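Chemist: Contents are mmCIF, C-alpha atoms and all ligand atoms; file name model.cif:
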data_input
loop_
_atom_site.label_atom_id
_atom_site.label_comp_id
_atom_site.auth_asym_id
_atom_site.auth_seq_id
_atom_site.Cartn_x
_atom_site.Cartn_y
_atom_site.Cartn_z
CA MET A 21 38.67 -14.56 -12.40
CA ALA A 22 38.16 -12.47 -15.55
CA PRO A 23 34.36 -12.77 -15.46
CA MET A 24 34.34 -11.02 -12.10
CA ASN A 25 36.04 -7.92 -13.46
CA ARG A 26 32.81 -6.25 -14.30
CA PRO A 27 29.52 -6.08 -12.41
CA LEU A 28 27.72 -9.43 -12.54
CA LEU A 29 24.26 -7.98 -12.91
CA ASN A 30 23.82 -6.48 -16.35
CA ARG A 31 23.21 -2.78 -16.90
CA ARG A 32 19.55 -3.24 -17.70
CA LEU A 33 18.76 -4.68 -14.28
CA ALA A 34 21.38 -2.98 -12.12
CA GLU A 35 19.07 -0.21 -10.92
CA PHE A 36 16.40 -2.54 -9.58
CA GLY A 37 17.91 -4.36 -6.59
CA THR A 38 15.53 -6.49 -4.48
CA THR A 39 11.81 -5.81 -4.83
CA ILE A 40 10.37 -3.68 -2.07
CA PHE A 41 7.79 -6.40 -1.37
CA ALA A 42 10.43 -8.96 -0.44
CA GLU A 43 12.35 -6.37 1.57
CA MET A 44 9.33 -5.28 3.56
CA SER A 45 7.97 -8.81 4.14
CA ALA A 46 11.42 -9.76 5.46
CA LEU A 47 11.31 -6.73 7.76
CA ALA A 48 7.91 -7.86 9.05
CA ALA A 49 9.18 -11.39 9.66
CA ARG A 50 12.29 -10.11 11.45
CA THR A 51 10.45 -7.69 13.72
CA GLY A 52 7.17 -9.56 14.21
CA ALA A 53 5.31 -6.47 12.99
CA ILE A 54 1.88 -6.70 11.32
CA ASN A 55 2.56 -6.93 7.58
CA LEU A 56 0.39 -4.43 5.72
CA GLY A 57 3.16 -4.15 3.10
CA GLN A 58 3.13 -6.85 0.44
CA GLY A 59 -0.37 -7.34 -0.97
CA PHE A 60 -1.49 -10.85 -0.16
CA PRO A 61 -4.57 -11.97 1.77
CA ASP A 62 -4.05 -13.68 5.11
CA THR A 63 -7.06 -15.93 4.47
CA ASP A 64 -7.25 -18.37 1.58
CA GLY A 65 -9.92 -18.21 -1.09
CA PRO A 66 -13.06 -20.38 -1.37
CA GLU A 67 -12.81 -23.88 0.09
CA GLU A 68 -14.53 -25.45 -2.92
CA ILE A 69 -11.86 -23.99 -5.20
CA ARG A 70 -9.09 -25.35 -2.99
CA GLU A 71 -10.85 -28.72 -3.17
CA ALA A 72 -11.04 -28.40 -6.96
CA ALA A 73 -7.25 -28.06 -7.02
CA VAL A 74 -6.85 -31.12 -4.80
CA ARG A 75 -9.21 -33.06 -7.06
CA ALA A 76 -7.24 -32.02 -10.14
CA LEU A 77 -4.00 -33.18 -8.51
CA ARG A 78 -5.50 -36.52 -7.42
CA GLU A 79 -7.16 -37.19 -10.75
CA GLY A 80 -3.99 -36.35 -12.64
CA HIS A 81 -5.23 -33.19 -14.36
CA GLY A 82 -2.33 -30.89 -15.05
CA ASN A 83 0.37 -32.88 -13.26
CA GLN A 84 2.32 -33.06 -16.51
CA TYR A 85 2.97 -30.11 -18.82
CA PRO A 86 -0.38 -28.60 -19.74
CA PRO A 87 -0.82 -27.24 -23.29
CA GLY A 88 1.34 -24.15 -23.96
CA PRO A 89 -1.58 -21.71 -24.28
CA GLY A 90 -3.25 -23.12 -21.12
CA VAL A 91 -5.78 -25.87 -20.51
CA PRO A 92 -8.90 -25.54 -22.70
CA GLU A 93 -11.21 -25.52 -19.64
CA LEU A 94 -9.54 -22.39 -18.31
CA ARG A 95 -9.28 -20.63 -21.67
CA GLU A 96 -13.00 -21.19 -22.15
CA ALA A 97 -13.76 -19.93 -18.66
CA VAL A 98 -11.68 -16.78 -19.26
CA ALA A 99 -13.46 -16.15 -22.57
CA ASP A 100 -16.87 -16.65 -20.90
CA HIS A 101 -15.87 -14.32 -18.06
CA GLN A 102 -14.87 -11.53 -20.48
CA LEU A 103 -18.10 -11.96 -22.42
CA LYS A 104 -20.39 -12.13 -19.40
CA ARG A 105 -18.80 -9.26 -17.48
CA TYR A 106 -17.84 -6.89 -20.28
CA GLY A 107 -19.44 -8.07 -23.51
CA LEU A 108 -15.99 -8.82 -24.95
CA ALA A 109 -16.08 -11.89 -27.20
CA HIS A 110 -12.83 -13.84 -27.48
CA ASP A 111 -12.05 -17.10 -29.23
CA PRO A 112 -10.63 -19.32 -26.45
CA ASP A 113 -8.19 -20.95 -28.88
CA ALA A 114 -6.75 -17.94 -30.68
CA GLU A 115 -7.39 -15.06 -28.29
CA VAL A 116 -6.74 -16.34 -24.75
CA LEU A 117 -3.35 -17.21 -23.27
CA VAL A 118 -2.80 -18.56 -19.77
CA THR A 119 0.33 -17.29 -17.99
CA ALA A 120 2.24 -17.79 -14.73
CA GLY A 121 0.37 -14.99 -13.00
CA ALA A 122 -0.06 -11.50 -14.37
CA THR A 123 3.66 -11.05 -13.75
CA GLU A 124 4.56 -13.35 -16.61
CA ALA A 125 1.87 -11.84 -18.82
CA ILE A 126 3.38 -8.37 -18.30
CA ALA A 127 6.89 -9.66 -19.01
CA ALA A 128 5.86 -11.61 -22.09
CA ALA A 129 3.80 -8.74 -23.50
CA LEU A 130 6.65 -6.26 -23.13
CA LEU A 131 9.32 -8.65 -24.38
CA ALA A 132 7.17 -9.48 -27.38
CA LEU A 133 5.99 -6.02 -28.35
CA VAL A 134 8.84 -3.66 -27.49
CA GLU A 135 11.91 -3.16 -29.69
CA PRO A 136 15.06 -1.80 -28.08
CA GLY A 137 14.76 1.98 -28.13
CA ASP A 138 10.95 2.02 -28.07
CA GLU A 139 9.31 4.20 -25.46
CA VAL A 140 6.70 2.78 -23.13
CA ILE A 141 4.40 5.11 -21.25
CA ALA A 142 3.47 3.92 -17.76
CA LEU A 143 1.30 5.56 -15.12
CA GLU A 144 3.46 6.67 -12.22
CA PRO A 145 3.48 5.43 -9.47
CA TYR A 146 3.92 2.18 -11.43
CA TYR A 147 3.93 -1.42 -10.24
CA ASP A 148 7.60 -2.33 -9.88
CA SER A 149 7.75 -5.17 -12.40
CA TYR A 150 6.74 -2.80 -15.21
CA ALA A 151 9.98 -0.86 -14.96
CA ALA A 152 12.09 -4.01 -14.80
CA CYS A 153 10.31 -5.64 -17.76
CA ILE A 154 10.52 -2.50 -19.91
CA ALA A 155 14.25 -2.49 -19.15
CA MET A 156 14.64 -6.19 -19.95
CA ALA A 157 12.93 -5.54 -23.28
CA GLY A 158 15.43 -2.74 -23.97
CA GLY A 159 12.69 -0.12 -23.91
CA THR A 160 12.66 3.29 -22.30
CA ARG A 161 10.02 4.00 -19.70
CA VAL A 162 8.24 7.30 -19.85
CA PRO A 163 6.30 7.88 -16.66
CA VAL A 164 3.14 9.99 -16.57
CA THR A 165 2.41 10.93 -12.99
CA LEU A 166 -0.96 10.48 -11.33
CA ARG A 167 -1.48 13.33 -8.87
CA PRO A 168 -3.77 13.66 -5.86
CA SER A 169 -6.61 16.06 -6.38
CA GLU A 170 -9.68 16.27 -4.16
CA GLY A 171 -9.05 12.93 -2.53
CA ARG A 172 -8.36 10.97 -5.72
CA TYR A 173 -5.30 10.36 -7.84
CA VAL A 174 -5.97 11.80 -11.26
CA LEU A 175 -4.47 11.18 -14.71
CA ASP A 176 -3.46 14.45 -16.38
CA LEU A 177 -4.56 13.92 -19.97
CA ASP A 178 -2.50 16.82 -21.31
CA GLU A 179 0.59 15.36 -19.72
CA LEU A 180 -0.22 11.97 -21.22
CA ARG A 181 -0.66 13.49 -24.66
CA ALA A 182 2.60 15.41 -24.32
CA ALA A 183 4.46 12.23 -23.37
CA VAL A 184 3.79 10.56 -26.74
CA THR A 185 6.64 10.85 -29.25
CA ASP A 186 7.45 9.18 -32.54
CA ARG A 187 9.23 6.49 -30.57
CA THR A 188 6.25 5.62 -28.36
CA ARG A 189 5.23 2.00 -28.91
CA LEU A 190 2.69 1.41 -26.21
CA ILE A 191 0.84 2.69 -23.20
CA LEU A 192 0.95 0.44 -20.16
CA LEU A 193 -2.22 1.00 -18.15
CA ASN A 194 -3.23 -0.31 -14.76
CA THR A 195 -6.80 0.04 -13.56
CA PRO A 196 -7.83 -0.35 -10.77
CA HIS A 197 -4.46 1.16 -10.01
CA ASN A 198 -1.86 -0.18 -7.58
CA PRO A 199 -0.76 1.59 -5.35
CA THR A 200 -3.11 4.62 -5.52
CA GLY A 201 -6.47 2.80 -5.63
CA THR A 202 -7.65 4.96 -8.53
CA VAL A 203 -10.14 3.43 -10.94
CA LEU A 204 -9.83 5.14 -14.30
CA THR A 205 -13.11 6.71 -15.41
CA ARG A 206 -14.80 6.29 -18.75
CA ASP A 207 -13.72 9.83 -19.70
CA GLU A 208 -10.10 9.14 -18.84
CA LEU A 209 -10.11 5.83 -20.69
CA THR A 210 -11.81 7.39 -23.70
CA ALA A 211 -9.05 9.98 -23.89
CA VAL A 212 -6.39 7.26 -23.69
CA ALA A 213 -8.20 5.28 -26.39
CA GLU A 214 -8.43 8.31 -28.69
CA LEU A 215 -4.75 9.02 -28.23
CA ALA A 216 -3.81 5.39 -28.91
CA THR A 217 -5.90 5.33 -32.07
CA GLU A 218 -4.67 8.70 -33.30
CA ARG A 219 -0.99 7.88 -32.72
CA ASP A 220 -1.32 4.18 -33.62
CA LEU A 221 -0.16 2.88 -30.23
CA LEU A 222 -0.69 -0.45 -28.55
CA VAL A 223 -2.17 -0.60 -25.05
CA VAL A 224 -1.21 -3.21 -22.48
CA THR A 225 -3.65 -3.03 -19.60
CA ASP A 226 -3.14 -4.70 -16.24
CA GLU A 227 -6.58 -5.35 -14.78
CA VAL A 228 -5.72 -7.78 -11.98
CA TYR A 229 -7.91 -5.82 -9.52
CA GLU A 230 -10.90 -5.77 -11.88
CA HIS A 231 -13.26 -7.24 -9.27
CA LEU A 232 -12.04 -5.09 -6.38
CA VAL A 233 -14.00 -1.89 -6.97
CA PHE A 234 -16.11 -0.11 -4.39
CA ASP A 235 -19.05 2.26 -4.08
CA ASP A 236 -19.95 3.81 -7.43
CA ALA A 237 -16.69 2.94 -9.15
CA GLU A 238 -17.01 0.81 -12.27
CA HIS A 239 -14.20 -1.18 -13.82
CA ILE A 240 -14.14 -0.53 -17.56
CA PRO A 241 -11.74 -2.57 -19.70
CA ILE A 242 -10.25 -0.22 -22.28
CA ALA A 243 -10.64 -3.03 -24.83
CA THR A 244 -14.40 -2.31 -24.77
CA LEU A 245 -13.92 1.22 -26.13
CA PRO A 246 -14.26 1.97 -29.86
CA GLY A 247 -11.24 0.97 -31.92
CA MET A 248 -9.43 -0.60 -28.97
CA ARG A 249 -10.15 -4.30 -29.10
CA ASP A 250 -7.48 -5.07 -31.67
CA ARG A 251 -4.76 -2.83 -30.26
CA THR A 252 -5.12 -3.90 -26.61
CA VAL A 253 -3.55 -6.68 -24.58
CA THR A 254 -5.70 -7.21 -21.48
CA ILE A 255 -4.13 -8.94 -18.48
CA GLY A 256 -6.02 -10.66 -15.66
CA SER A 257 -5.08 -12.83 -12.69
CA ALA A 258 -6.69 -15.24 -10.26
CA GLY A 259 -4.44 -14.10 -7.41
CA LYS A 260 -6.47 -11.09 -6.26
CA THR A 261 -9.94 -12.18 -7.36
CA PHE A 262 -9.82 -15.56 -5.64
CA SER A 263 -7.25 -14.97 -2.89
CA PHE A 264 -4.78 -17.58 -4.09
CA THR A 265 -1.76 -15.44 -4.85
CA GLY A 266 0.60 -18.42 -4.58
CA TRP A 267 -1.05 -20.35 -7.40
CA LYS A 268 0.19 -17.94 -10.07
CA VAL A 269 -2.54 -18.29 -12.63
CA GLY A 270 -2.92 -15.30 -14.94
CA TRP A 271 -4.13 -14.71 -18.48
CA VAL A 272 -4.03 -12.50 -21.53
CA THR A 273 -6.94 -11.74 -23.83
CA ALA A 274 -6.22 -9.99 -27.14
CA SER A 275 -6.61 -10.27 -30.91
CA PRO A 276 -5.18 -13.43 -32.50
CA GLU A 277 -2.13 -11.49 -33.74
CA LEU A 278 -1.36 -9.92 -30.36
CA THR A 279 -2.03 -13.18 -28.52
CA ALA A 280 0.37 -15.01 -30.84
CA ALA A 281 3.04 -12.35 -30.29
CA VAL A 282 2.75 -12.58 -26.49
CA ARG A 283 2.77 -16.39 -26.70
CA SER A 284 6.04 -16.26 -28.66
CA ALA A 285 7.76 -14.69 -25.66
CA LYS A 286 5.81 -16.60 -23.01
CA GLN A 287 6.82 -20.01 -24.40
CA PHE A 288 10.46 -19.24 -23.60
CA LEU A 289 9.83 -17.84 -20.13
CA THR A 290 8.00 -20.59 -18.25
CA TYR A 291 6.55 -22.44 -21.26
CA VAL A 292 3.73 -23.51 -18.89
CA ALA A 293 2.92 -23.31 -15.17
CA SER A 294 0.41 -24.13 -12.46
CA GLY A 295 -1.16 -27.18 -14.22
CA PRO A 296 -3.67 -28.43 -11.61
CA PHE A 297 -4.44 -24.90 -10.46
CA GLN A 298 -5.57 -23.96 -13.94
CA TYR A 299 -8.45 -26.45 -13.61
CA ALA A 300 -9.42 -25.04 -10.22
CA ILE A 301 -9.41 -21.45 -11.49
CA ALA A 302 -11.59 -22.51 -14.43
CA GLU A 303 -14.18 -23.42 -11.78
CA ALA A 304 -13.53 -20.26 -9.79
CA LEU A 305 -14.29 -18.02 -12.76
CA ARG A 306 -17.72 -19.64 -12.90
CA LEU A 307 -18.57 -18.94 -9.26
CA PRO A 308 -21.95 -17.22 -8.86
CA ASP A 309 -22.16 -13.43 -8.65
CA THR A 310 -22.70 -13.71 -4.90
CA TYR A 311 -19.05 -14.71 -4.55
CA PHE A 312 -17.80 -11.57 -6.29
CA GLU A 313 -20.28 -9.37 -4.41
CA GLY A 314 -19.20 -10.92 -1.11
CA LEU A 315 -15.54 -10.30 -1.86
CA ARG A 316 -16.26 -6.66 -2.64
CA ALA A 317 -18.40 -6.13 0.45
CA ASP A 318 -15.77 -7.70 2.69
CA LEU A 319 -12.96 -5.58 1.26
CA ARG A 320 -15.05 -2.43 1.27
CA ALA A 321 -15.63 -2.80 5.02
CA LYS A 322 -11.92 -3.43 5.52
CA ARG A 323 -11.02 -0.44 3.40
CA ASP A 324 -13.16 1.74 5.63
CA LEU A 325 -11.81 0.22 8.84
CA LEU A 326 -8.21 0.85 7.82
CA SER A 327 -8.81 4.21 6.12
CA ASP A 328 -10.67 5.57 9.15
CA GLY A 329 -8.00 4.23 11.49
CA LEU A 330 -5.22 5.82 9.45
CA ALA A 331 -7.06 9.14 9.42
CA ARG A 332 -7.46 9.00 13.22
CA ALA A 333 -3.74 8.25 13.51
CA GLY A 334 -3.05 11.51 11.68
CA PHE A 335 -2.38 10.42 8.08
CA GLU A 336 -3.97 12.10 5.11
CA VAL A 337 -5.84 9.24 3.49
CA TYR A 338 -6.68 8.71 -0.20
CA ARG A 339 -9.62 6.37 0.21
CA PRO A 340 -9.31 3.99 -2.74
CA ALA A 341 -12.10 3.34 -5.25
CA GLY A 342 -10.47 0.00 -6.08
CA THR A 343 -7.68 -2.52 -5.21
CA TYR A 344 -6.87 -3.57 -1.65
CA PHE A 345 -4.39 -0.80 -0.97
CA VAL A 346 -4.77 2.59 0.62
CA THR A 347 -2.23 5.32 -0.08
CA THR A 348 -1.56 7.90 2.61
CA ASP A 349 0.39 11.13 2.91
CA ILE A 350 2.61 11.20 6.00
CA ARG A 351 3.23 14.95 6.01
CA PRO A 352 0.47 15.72 8.54
CA LEU A 353 2.48 13.53 10.94
CA GLY A 354 5.44 15.85 10.50
CA GLU A 355 7.23 13.33 8.24
CA SER A 356 8.30 13.68 4.64
CA ASP A 357 10.49 10.67 3.80
CA GLY A 358 8.35 7.58 3.23
CA PHE A 359 11.37 5.30 3.07
CA ALA A 360 12.69 6.33 6.47
CA PHE A 361 9.17 6.28 7.86
CA CYS A 362 8.52 2.69 6.64
CA ARG A 363 11.91 1.44 7.84
CA GLY A 364 11.17 2.84 11.32
CA LEU A 365 7.50 1.92 11.52
CA PRO A 366 7.93 -1.64 12.87
CA GLU A 367 9.82 -0.29 15.85
CA ARG A 368 7.57 2.74 16.36
CA ALA A 369 4.21 1.07 15.87
CA GLY A 370 4.67 -2.63 15.04
CA VAL A 371 3.34 -2.27 11.48
CA VAL A 372 4.95 -2.66 8.04
CA ALA A 373 3.93 -0.56 5.02
CA ILE A 374 5.36 0.23 1.57
CA PRO A 375 6.99 3.55 0.61
CA ASN A 376 5.39 4.59 -2.69
CA ALA A 377 8.60 6.38 -3.72
CA VAL A 378 9.90 3.08 -5.11
CA PHE A 379 7.18 3.27 -7.76
CA TYR A 380 8.34 6.67 -9.03
CA ASP A 381 11.09 7.91 -11.33
CA HIS A 382 10.37 11.30 -9.84
CA ARG A 383 11.23 10.05 -6.35
CA ASP A 384 10.62 13.46 -4.82
CA ALA A 385 7.06 13.41 -6.10
CA GLY A 386 6.48 10.09 -4.35
CA ALA A 387 8.49 10.71 -1.19
CA PRO A 388 5.70 11.46 1.32
CA PHE A 389 3.33 8.68 0.25
CA VAL A 390 3.00 5.34 2.00
CA ARG A 391 0.80 2.37 1.06
CA PHE A 392 -1.04 0.03 3.45
CA ALA A 393 -2.77 -3.22 2.40
CA PHE A 394 -6.18 -4.10 3.84
CA CYS A 395 -6.58 -7.66 2.50
CA LYS A 396 -6.17 -8.94 6.06
CA ARG A 397 -8.44 -10.38 8.75
CA THR A 398 -10.58 -7.81 10.56
CA ASP A 399 -8.93 -8.54 13.92
CA VAL A 400 -5.50 -7.99 12.34
CA LEU A 401 -6.60 -4.65 10.88
CA GLU A 402 -8.11 -3.62 14.21
CA GLU A 403 -4.88 -4.41 15.97
CA ALA A 404 -2.89 -2.50 13.32
CA VAL A 405 -5.17 0.52 13.69
CA ALA A 406 -4.79 0.44 17.48
CA ARG A 407 -1.02 0.33 17.13
CA LEU A 408 -0.92 3.12 14.55
CA ARG A 409 -3.02 5.27 16.86
CA THR A 410 0.10 5.76 18.98
CA LEU A 411 1.55 7.87 16.15
CA ALA A 412 -1.09 10.50 16.83
CA ALA A 413 -0.04 10.81 20.48
N1 LIG B 501 -0.05 -6.29 -11.48
C1 LIG B 501 -0.33 -5.60 -10.38
C2 LIG B 501 -0.81 -4.19 -10.49
C3 LIG B 501 -0.15 -6.19 -9.14
O1 LIG B 501 -0.43 -5.51 -8.03
C4 LIG B 501 0.34 -7.51 -9.07
C5 LIG B 501 0.66 -8.14 -7.77
N2 LIG B 501 -0.21 -8.53 -7.07
C6 LIG B 501 0.59 -8.19 -10.25
C7 LIG B 501 0.41 -7.55 -11.43
C8 LIG B 501 1.11 -9.59 -10.25
O2 LIG B 501 0.08 -10.51 -10.28
P1 LIG B 501 0.36 -12.08 -10.18
O3 LIG B 501 0.51 -12.40 -8.76
O4 LIG B 501 -0.83 -12.70 -10.82
O5 LIG B 501 1.60 -12.36 -10.94
N1 LIG B 502 1.33 -7.13 -6.11
C1 LIG B 502 1.68 -7.23 -4.73
C2 LIG B 502 1.73 -5.85 -4.12
O1 LIG B 502 1.62 -4.85 -4.80
C3 LIG B 502 3.02 -7.88 -4.49
C4 LIG B 502 3.43 -8.96 -5.39
C5 LIG B 502 4.88 -9.26 -5.25
O2 LIG B 502 5.37 -9.40 -4.15
N2 LIG B 502 5.57 -9.33 -6.32
O3 LIG B 502 1.89 -5.77 -2.94
#
Could I get this file's structure written as structure tokens?
Ligand code: PMP
Ligand code: GLN

Modeler:
Amino acid sequence: MAPMNRPLLNRRLAEFGTTIFAEMSALAARTGAINLGQGFPDTDGPEEIREAAVRALREGHGNQYPPGPGVPELREAVADHQLKRYGLAHDPDAEVLVTAGATEAIAAALLALVEPGDEVIALEPYYDSYAACIAMAGGTRVPVTLRPSEGRYVLDLDELRAAVTDRTRLILLNTPHNPTGTVLTRDELTAVAELATERDLLVVTDEVYEHLVFDDAEHIPIATLPGMRDRTVTIGSAGKTFSFTGWKVGWVTASPELTAAVRSAKQFLTYVASGPFQYAIAEALRLPDTYFEGLRADLRAKRDLLSDGLARAGFEVYRPAGTYFVTTDIRPLGESDGFAFCRGLPERAGVVAIPNAVFYDHRDAGAPFVRFAFCKRTDVLEEAVARLRTLAA
């Protein structure tokens, strides 16, 4: 039994346990509560795109290993999307890489670019896979905390600047930002870009919510800023934009050198994934603008429905400029521990949410914040709001 004499899970991963999303979805299933925890839509994406996947399967497109970098149709569609939306020109052969969702793109980028001992700056609260992937790469995460100010979570540029050391390798950005719903402004991104250029840092930017921005907010890829194109790895995903989170189609766009580096790691993770779905997403990326506008309008209405309902129930609400999550502060309800609050919420109100504390190193800073997802049917959100109303009583 010698191998059992020490912990089975290695030191790098020991702190991570089970992801909060699995834990909270299991809690919803067990209690029958409405699941506003894990971020997945309860309605599938466009019928014609589902049909495109069926057609690909039937016609034998992608049923065997697709090419390592992704099928050419999808790489071309990604390149066209980046050019049309942002004016970013990418060679589909050398500068686009298809991945098994953004999750694999994040993992491959960090495993490829981080040496053991390198520091990686991440915006806190950070999406949970960032911390795990930095650890798997042997890096050290250096969180820079976004703080609420006048209804919006703000990046403190002085704090960011102070976090850079001689060991900093890269800045891991996420905009629109999960879980706070912040969309980084041009001024904020310009400051990040200047810092990256000045200190010769790479930027890995997770832009999976690029199409989910509301009101006056504008999604700006940092790769479009001066000096950034060749030091940035941009990550996208079909999951959020087309409401097919189970298909796991993501992509990287970057310079040929960065793309090749990420591909080196990616080829030993999944090698390839999602063959037939890649063809369907190639069609999805070419949907007319009305599709993207419709998605935004639908989610904007749902954001308002849920945000208003949460405010009436007594939460302080940070109405998001992007993503399909709304972060709340539970202190006006007389609560301060988001974990305990979320564990008890199914019984109290029949709803599941996510405690933002899990996305913080500074757990105290995150303790009173709780995230709710609004990518659900209107009737489901109405029922959730009615249930949450009982908290105000
Ligand atoms: N990044 C962020 C910020 C996310 O919220 C998610 C999850 N939805 C992912 C990456 C993972 O995306 P995918 O499902 O494409 O792997
Ligand atoms: N990104 C989704 C969220 O933030 C969850 C994805 C997952 O379960 N890994 O809710």

Chemist: With ligand LIG 501 (chain B) as the partner and 7 Å as the cut-off, tabulate the residues of chain A that qualify, each row holding the nearest pair of atoms and their distance in Å to one decimal, using only C-alpha atoms and all ligand atoms, sorted by chain and rising number, as JSON lines.

Modeler:
{"residue": "A:Gly59", "atom": "CA", "partner": "B:LIG501", "partner_atom": "N2", "distance": 6.2}
{"residue": "A:Ala120", "atom": "CA", "partner": "B:LIG501", "partner_atom": "O5", "distance": 6.7}
{"residue": "A:Gly121", "atom": "CA", "partner": "B:LIG501", "partner_atom": "O4", "distance": 3.4}
{"residue": "A:Ala122", "atom": "CA", "partner": "B:LIG501", "partner_atom": "O4", "distance": 3.8}
{"residue": "A:Thr123", "atom": "CA", "partner": "B:LIG501", "partner_atom": "O5", "distance": 3.7}
{"residue": "A:Glu124", "atom": "CA", "partner": "B:LIG501", "partner_atom": "O5", "distance": 6.5}
{"residue": "A:Tyr147", "atom": "CA", "partner": "B:LIG501", "partner_atom": "C2", "distance": 5.5}
{"residue": "A:Asn194", "atom": "CA", "partner": "B:LIG501", "partner_atom": "C2", "distance": 6.3}
{"residue": "A:His197", "atom": "CA", "partner": "B:LIG501", "partner_atom": "C2", "distance": 6.5}
{"residue": "A:Asn198", "atom": "CA", "partner": "B:LIG501", "partner_atom": "C2", "distance": 5.1}
{"residue": "A:Asp226", "atom": "CA", "partner": "B:LIG501", "partner_atom": "N1", "distance": 5.9}
{"residue": "A:Val228", "atom": "CA", "partner": "B:LIG501", "partner_atom": "N1", "distance": 5.9}
{"residue": "A:Ser257", "atom": "CA", "partner": "B:LIG501", "partner_atom": "O4", "distance": 4.6}
{"residue": "A:Ala258", "atom": "CA", "partner": "B:LIG501", "partner_atom": "O4", "distance": 6.4}
{"residue": "A:Gly259", "atom": "CA", "partner": "B:LIG501", "partner_atom": "O4", "distance": 5.2}
{"residue": "A:Lys260", "atom": "CA", "partner": "B:LIG501", "partner_atom": "N2", "distance": 6.8}
{"residue": "A:Thr265", "atom": "CA", "partner": "B:LIG501", "partner_atom": "O3", "distance": 5.4}
{"residue": "A:Lys268", "atom": "CA", "partner": "B:LIG501", "partner_atom": "O4", "distance": 5.4}
{"residue": "A:Val269", "atom": "CA", "partner": "B:LIG501", "partner_atom": "O4", "distance": 6.1}
{"residue": "A:Gly270", "atom": "CA", "partner": "B:LIG501", "partner_atom": "O4", "distance": 5.3}

Chemist: Atom CA of Ala302 of chain A and atom CA of Leu94 of chain A, how far apart in Å?

Modeler: 4.4 Å

Chemist: All residues within 8 Å of ligand LIG 502 (chain B) are required, counting all atoms listed in the file; please report them as a ChimeraX atom specification.

Modeler: /A:39-42,57-60,123,147,149,198-199,393

Chemist: What does the structure give for the distance between atom CA of Arg95 of chain A and atom CA of Val253 of chain A, in Å to one decimal?

Modeler: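 Between atom CA of Arg95 of chain A and atom CA of Val253 of chain A the gap is 15.4 Å.
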
Chemist: Leaving out Glu67 of chain A and any residue of its chain fewer than 6 positions from it, which residues lie within 12 Å of it when counting all atoms listed in the file, given as a ChimeraX atom specification?

Modeler: /A:73-74,262-264,300,303-304

Chemist: Could you give me, as number ranges by chain, the residues that sit within 9 Å of (0.2, -13.4, -28.6) in the file's coordinates, counting all atoms listed in the file?

Modeler: A: 114-117, 128-129, 132, 253, 272-286

Chemist: Please identify all polymer residues within 9 Å of Val212 of chain A, counting only C-alpha atoms, omitting same-chain residues fewer than 5 positions from it, and present them as an NGL selection string.

Modeler: :A and (177 or 180-181 or 191 or 207 or 217 or 242)

Chemist: Env of Ala293 of chain A: 10 Å cut, atoms = only C-alpha atoms, seq-sep filter 3 positions within chain, self excluded. Answer as an NGL selection string.

Modeler: :A and (82 or 84-88 or 90 or 118-121 or 267-270 or 290 or 296-298)

Chemist: Measure the distance from atom CA of Val405 of chain A to atom CA of Leu315 of chain A in Å and round it to one decimal.

Modeler: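 Going from atom CA of Val405 of chain A over to atom CA of Leu315 of chain A covers 21.6 Å.
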
Chemist: Any chance you could tabulate, as a tab-separated table, the residues of segment 310-378 of chain A at most 12 Å from segment 157-176 of chain A with each one's nearest atom pair and distance in Å to one decimal, using only C-alpha atoms, in chain and rising number order?

Modeler:
residue	atom	partner	partner_atom	distance
A:Glu336	CA	A:Gly171	CA	9.2
A:Val337	CA	A:Gly171	CA	7.8
A:Tyr338	CA	A:Gly171	CA	5.4
A:Arg339	CA	A:Gly171	CA	7.1
A:Pro340	CA	A:Arg172	CA	7.6
A:Ala341	CA	A:Arg172	CA	8.5
A:Gly342	CA	A:Arg172	CA	11.2
A:Val346	CA	A:Arg172	CA	11.1
A:Thr347	CA	A:Tyr173	CA	9.7
A:Thr348	CA	A:Gly171	CA	10.4
A:Asp349	CA	A:Pro168	CA	10.0

Chemist: Considering all atoms listed in the file, state which residue in the set A:Ala406, A:Leu133, A:Leu215, A:Ala369 is at the smallest distance from Thr51 of chain A.

Modeler: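 With all atoms listed in the file as the atom set, the closest residue is A:Ala369.
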
Chemist: So, counting all atoms listed in the file, which residue among A:Ala360, A:Ala413, A:Leu143, A:Val371 is closest to Ala333 of chain A?

Modeler: A:Ala413

Chemist: Name the closest residue to Gly329 of chain A among the candidates A:Leu209, A:Ala412, A:Met44, A:Val203; distances are taken between atoms, counting all atoms listed in the file.

Modeler: A:Ala412

Chemist: Select, counting only C-alpha atoms, all protein, DNA and RNA residues no farther than 9 Å from (-3.5, -1.9, 5.3) in file coordinates, and express the selection as a list of chain:residue names.

Modeler: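 Those within range, by chain then number, are A:Asn55, A:Leu56, A:Gly57, A:Gly59, A:Lys322, A:Arg323, A:Leu326, A:Ser327, A:Leu330, A:Tyr344, A:Phe345, A:Val346, A:Val372, A:Ala373, A:Arg391, A:Phe392, A:Ala393, A:Phe394, A:Cys395, A:Lys396, A:Leu401, A:Ala404, A:Val405.
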
Chemist: Select, from A:Val140, A:Ala237, A:Arg397, A:Ser294, the residue with the minimum atom-to-atom distance to Pro61 of chain A, counting all atoms listed in the file.

Modeler: A:Arg397

Chemist: So which one's closest to Met156 of chain A, A:Ala34, A:Ile374, A:Leu108, A:Ala216? Using only C-alpha atoms, please.

Modeler: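 Selected residue with least distance to Met156 of chain A: A:Ala34.
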
Chemist: Find, counting all atoms listed in the file, the residue in A:Gly354, A:Pro246, A:Gly334, A:Pro388 that gets nearest to Arg409 of chain A.

Modeler: A:Gly334
